[in-house]
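Undergrad: I am attaching a structure below and will ask some questions about it afterwards.
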Number of protein chains: 2
Amino acid sequence: MPKEVVIVNNNKLIKLLKQNGLSITDSRRKILQLFLEQDGALAHGDIEKKAGEKFDRVTVYRTLQIFVDKGIIHTIPTADNSIRYALCKDECGEGHHHDHHIHFVCDNCNTTYCLDDVVTPEIKLPKGYSAGHVEVVVEGVCKNCQ
Amino acid sequence: MPKEVVIVNNNKLIKLLKQNGLSITDSRRKILQLFLEQDGALAHGDIEKKAGEKFDRVTVYRTLQIFVDKGIIHTIPTADNSIRYALCKDECGEGHHHDHHIHFVCDNCNTTYCLDDVVTPEIKLPKGYSAGHVEVVVEGVCKNCQ
DNA sequence: TATAAAAAAGCAACAATGTTGCAAAAGATA
DNA sequence: TATCTTTTGCAACATTGTTGCTTTTTTATA
């Protein structure tokens, strides 16, 4: 029985899934592939458009959820009620995300980038507050839209 | 005809609405009052629960939208797809928000605070990117939950 | 490789959230 | 108070997200 979905980068994909104790299914390969061949982040809607013709909407939700749980992707907060997702670096794992980079959203093309080389700054909080994770989102014009 | 909605701080409310060229209506007074008597930020859902018994859902949406447009409140991005709203400082106005403070979300009580005294840090971006607004959200434990 | 057990996907139904057009009501103005 | 303008509420709809259950696929094992 021939596979219906053509997968590039098959080895990397499968390795990444296996590393995280996930079974190899078409939807997981397809959705992970989208992230691997993508520079910026993806909103749920993007993924549903690109992968959803082949997979049920519920499957996309569950797949993204499990990828976040396993530390394969992370979420990026936005001001427009549409969570973006992007691949995590290798240090992330189940139960603990280590994303200390900042995020950049382009005003023009609306692409969201992980700026992996820009670390989140130290924030001095008022007395009584203790900091956990710090999330920085910069909005501006990206390298392709200048 | 007696007013049904009891409004505290009536003068301040009305002044704020008039300053922004808005007509004085029950729903605007009620929703603005919620923000004035509130320490943290409010999600749309919160507002709908507190004000929505008296006002239509659509009215709440439209009122929040117009408050944002006029620079009376601003939005705070979160990672859980629920935009929070908080009062702006005086410098904000129609078409230009000037919120350089950071936001804090408590892990425990889930309250969102505007830390008005903590300014957003300078972020050095990679070549090719130009920064507009910088949004910082710190997640941790707040003063009331330590 | 065939089979059984476990995991995931698909489906249907539903809940919550957000949007639009239009008629009715309330507010502003003279 | 009368009139014009703005806002509200309603209804209908679109989109987004969730849940339970059955079928299919994957994995483990003989």
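Residues in the structure tokens are numbered from 1 in each chain, the chains being A, B, ... in the order shown, and ligands are numbered from 1 in the order shown.
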DSSP says helix (DSSP H, G or I) for which residues of chain B? Put them as a count of residues only?
TA: 43
Undergrad: Pick out the chain B residues within 9 Å of chain C. Count only C-alpha atoms (C1' of nucleotides). Give them as a list in words.
TA: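 Close enough to count are Ser23, Ile24, Thr25, Val58 and Tyr61 of chain B.
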Undergrad: Write out as an MDAnalysis selection string every residue belonging to chain A that has an atom at most 12 Å from any atom of chain D, counting only C-alpha atoms (C1' of nucleotides).
TA: chainID A and resid 21:27 44:45 48 57:58 60:62 81:83
Undergrad: Can you spit out the residues from that selection as a CSV table (one decimal), in the first residue's frame, using all heavy atoms?
TA:
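Once everything was written out, this is again-v9.csv:
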chain,number,residue,atom,x,y,z
A,21,GLY,N,9.0,9.9,22.0
A,21,GLY,CA,8.1,8.8,22.4
A,21,GLY,C,6.8,8.9,21.6
A,21,GLY,O,5.8,8.4,22.2
A,22,LEU,N,6.8,9.4,20.5
A,22,LEU,CA,5.5,9.5,19.7
A,22,LEU,C,5.5,8.5,18.6
A,22,LEU,O,6.5,8.3,17.9
A,22,LEU,CB,5.4,10.9,19.1
A,22,LEU,CG,5.3,12.1,20.1
A,22,LEU,CD1,5.2,13.4,19.4
A,22,LEU,CD2,4.0,11.9,21.0
A,23,SER,N,4.4,7.9,18.4
A,23,SER,CA,4.3,7.0,17.3
A,23,SER,C,4.2,7.8,16.0
A,23,SER,O,3.8,9.0,16.0
A,23,SER,CB,3.1,6.1,17.4
A,23,SER,OG,1.9,6.8,17.8
A,24,ILE,N,4.6,7.1,14.9
A,24,ILE,CA,4.8,7.8,13.6
A,24,ILE,C,3.5,7.7,12.8
A,24,ILE,O,3.1,6.6,12.4
A,24,ILE,CB,5.9,7.2,12.8
A,24,ILE,CG1,7.1,6.9,13.6
A,24,ILE,CG2,6.2,8.0,11.6
A,24,ILE,CD1,7.7,8.1,14.2
A,25,THR,N,2.8,8.8,12.7
A,25,THR,CA,1.6,8.8,11.9
A,25,THR,C,1.7,9.9,10.8
A,25,THR,O,2.5,10.8,10.9
A,25,THR,CB,0.4,9.1,12.8
A,25,THR,OG1,0.4,10.5,13.2
A,25,THR,CG2,0.3,8.2,14.0
A,26,ASP,N,0.8,9.7,9.8
A,26,ASP,CA,0.8,10.7,8.7
A,26,ASP,C,0.6,12.1,9.2
A,26,ASP,O,1.3,13.0,8.7
A,26,ASP,CB,-0.3,10.3,7.7
A,26,ASP,CG,0.1,9.2,6.8
A,26,ASP,OD1,1.2,8.7,6.9
A,26,ASP,OD2,-0.7,8.8,6.0
A,27,SER,N,-0.3,12.3,10.1
A,27,SER,CA,-0.6,13.7,10.4
A,27,SER,C,0.6,14.3,11.2
A,27,SER,O,0.9,15.5,11.0
A,27,SER,CB,-1.9,13.8,11.3
A,27,SER,OG,-1.7,13.1,12.5
A,44,HIS,N,-2.5,28.4,14.2
A,44,HIS,CA,-3.3,27.2,14.0
A,44,HIS,C,-4.0,27.2,12.7
A,44,HIS,O,-4.1,26.2,12.0
A,44,HIS,CB,-4.4,27.1,15.1
A,44,HIS,CG,-5.2,25.9,14.9
A,44,HIS,ND1,-5.0,24.7,15.6
A,44,HIS,CD2,-6.3,25.6,14.1
A,44,HIS,CE1,-5.9,23.8,15.2
A,44,HIS,NE2,-6.7,24.4,14.3
A,45,GLY,N,-4.6,28.4,12.3
A,45,GLY,CA,-5.3,28.5,11.1
A,45,GLY,C,-4.4,28.2,9.9
A,45,GLY,O,-4.8,27.5,8.9
A,48,GLU,N,-4.0,24.4,9.7
A,48,GLU,CA,-5.3,23.8,9.2
A,48,GLU,C,-5.4,24.0,7.7
A,48,GLU,O,-5.8,23.0,7.1
A,48,GLU,CB,-6.4,24.4,10.0
A,48,GLU,CG,-7.5,23.4,10.3
A,48,GLU,CD,-8.6,24.1,11.1
A,48,GLU,OE1,-8.4,24.1,12.3
A,48,GLU,OE2,-9.6,24.5,10.6
A,57,ARG,N,-9.8,18.5,11.5
A,57,ARG,CA,-9.5,19.6,12.4
A,57,ARG,C,-9.1,19.2,13.8
A,57,ARG,O,-8.2,19.7,14.4
A,57,ARG,CB,-10.7,20.5,12.4
A,57,ARG,CG,-10.5,22.0,12.3
A,57,ARG,CD,-11.7,22.7,11.7
A,57,ARG,NE,-12.9,22.3,12.5
A,57,ARG,CZ,-13.3,22.9,13.6
A,57,ARG,NH1,-12.5,23.8,14.1
A,57,ARG,NH2,-14.4,22.5,14.2
A,58,VAL,N,-9.9,18.2,14.3
A,58,VAL,CA,-9.6,17.8,15.6
A,58,VAL,C,-8.2,17.2,15.7
A,58,VAL,O,-7.5,17.4,16.7
A,58,VAL,CB,-10.6,16.7,16.1
A,58,VAL,CG1,-10.3,16.2,17.5
A,58,VAL,CG2,-12.0,17.3,16.0
A,60,VAL,N,-5.6,18.0,14.0
A,60,VAL,CA,-4.6,19.1,14.0
A,60,VAL,C,-4.5,19.7,15.4
A,60,VAL,O,-3.4,19.9,16.0
A,60,VAL,CB,-5.0,20.2,13.0
A,60,VAL,CG1,-4.1,21.4,13.1
A,60,VAL,CG2,-5.0,19.7,11.6
A,61,TYR,N,-5.7,20.0,16.1
A,61,TYR,CA,-5.6,20.5,17.4
A,61,TYR,C,-4.9,19.5,18.4
A,61,TYR,O,-4.0,19.9,19.1
A,61,TYR,CB,-7.1,20.6,18.0
A,61,TYR,CG,-7.8,21.9,17.6
A,61,TYR,CD1,-8.8,21.8,16.7
A,61,TYR,CD2,-7.4,23.1,18.1
A,61,TYR,CE1,-9.4,23.0,16.3
A,61,TYR,CE2,-8.0,24.3,17.7
A,61,TYR,CZ,-9.0,24.2,16.8
A,61,TYR,OH,-9.7,25.3,16.4
A,62,ARG,N,-5.2,18.2,18.3
A,62,ARG,CA,-4.5,17.3,19.2
A,62,ARG,C,-3.1,17.1,18.9
A,62,ARG,O,-2.2,17.0,19.8
A,62,ARG,CB,-5.3,15.9,19.1
A,62,ARG,CG,-6.7,16.1,19.7
A,62,ARG,CD,-7.3,14.7,20.0
A,62,ARG,NE,-8.1,14.1,18.9
A,62,ARG,CZ,-9.3,13.6,19.0
A,62,ARG,NH1,-9.9,13.6,20.2
A,62,ARG,NH2,-9.9,13.1,18.0
A,81,ASN,N,-5.4,37.4,19.5
A,81,ASN,CA,-6.1,36.1,19.7
A,81,ASN,C,-5.9,35.0,18.7
A,81,ASN,O,-6.8,34.3,18.3
A,81,ASN,CB,-7.6,36.4,19.8
A,81,ASN,CG,-8.1,36.4,21.2
A,81,ASN,OD1,-7.4,36.3,22.1
A,81,ASN,ND2,-9.4,36.5,21.4
A,82,SER,N,-4.6,34.9,18.3
A,82,SER,CA,-4.3,33.8,17.4
A,82,SER,C,-2.9,33.3,17.8
A,82,SER,O,-1.9,33.8,17.5
A,82,SER,CB,-4.3,34.2,16.0
A,82,SER,OG,-3.2,35.0,15.7
A,83,ILE,N,-2.9,32.2,18.6
A,83,ILE,CA,-1.6,31.7,19.1
A,83,ILE,C,-0.8,31.2,17.9
A,83,ILE,O,-1.3,30.6,17.0
A,83,ILE,CB,-1.9,30.5,20.0
A,83,ILE,CG1,-2.6,30.9,21.3
A,83,ILE,CG2,-0.6,29.8,20.4
A,83,ILE,CD1,-2.8,29.8,22.3
Undergrad: Residues within 10 Å of Ala86 in chain B, please, as number ranges by chain. Count only C-alpha atoms (C1' of nucleotides); anything in the same chain fewer than 2 positions from it doesn't count.
TA: B: 35-36, 38-43, 68, 72-76, 84, 88-89, 112-114
Undergrad: Can you work out which residues from chain B touch chain A at a cut-off of 6 Å (counting only C-alpha atoms) and hand them back as a list in words?
TA: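 So the contacting residues turn out to be Pro77, Thr78, Ala79, Asn81, Gly128, Tyr129, Ser130, Ala131, Gly132, His133, Val134, Glu135, Val136, Val137, Val138, Glu139, Gly140, Val141, Cys142 and Lys143 of chain B.
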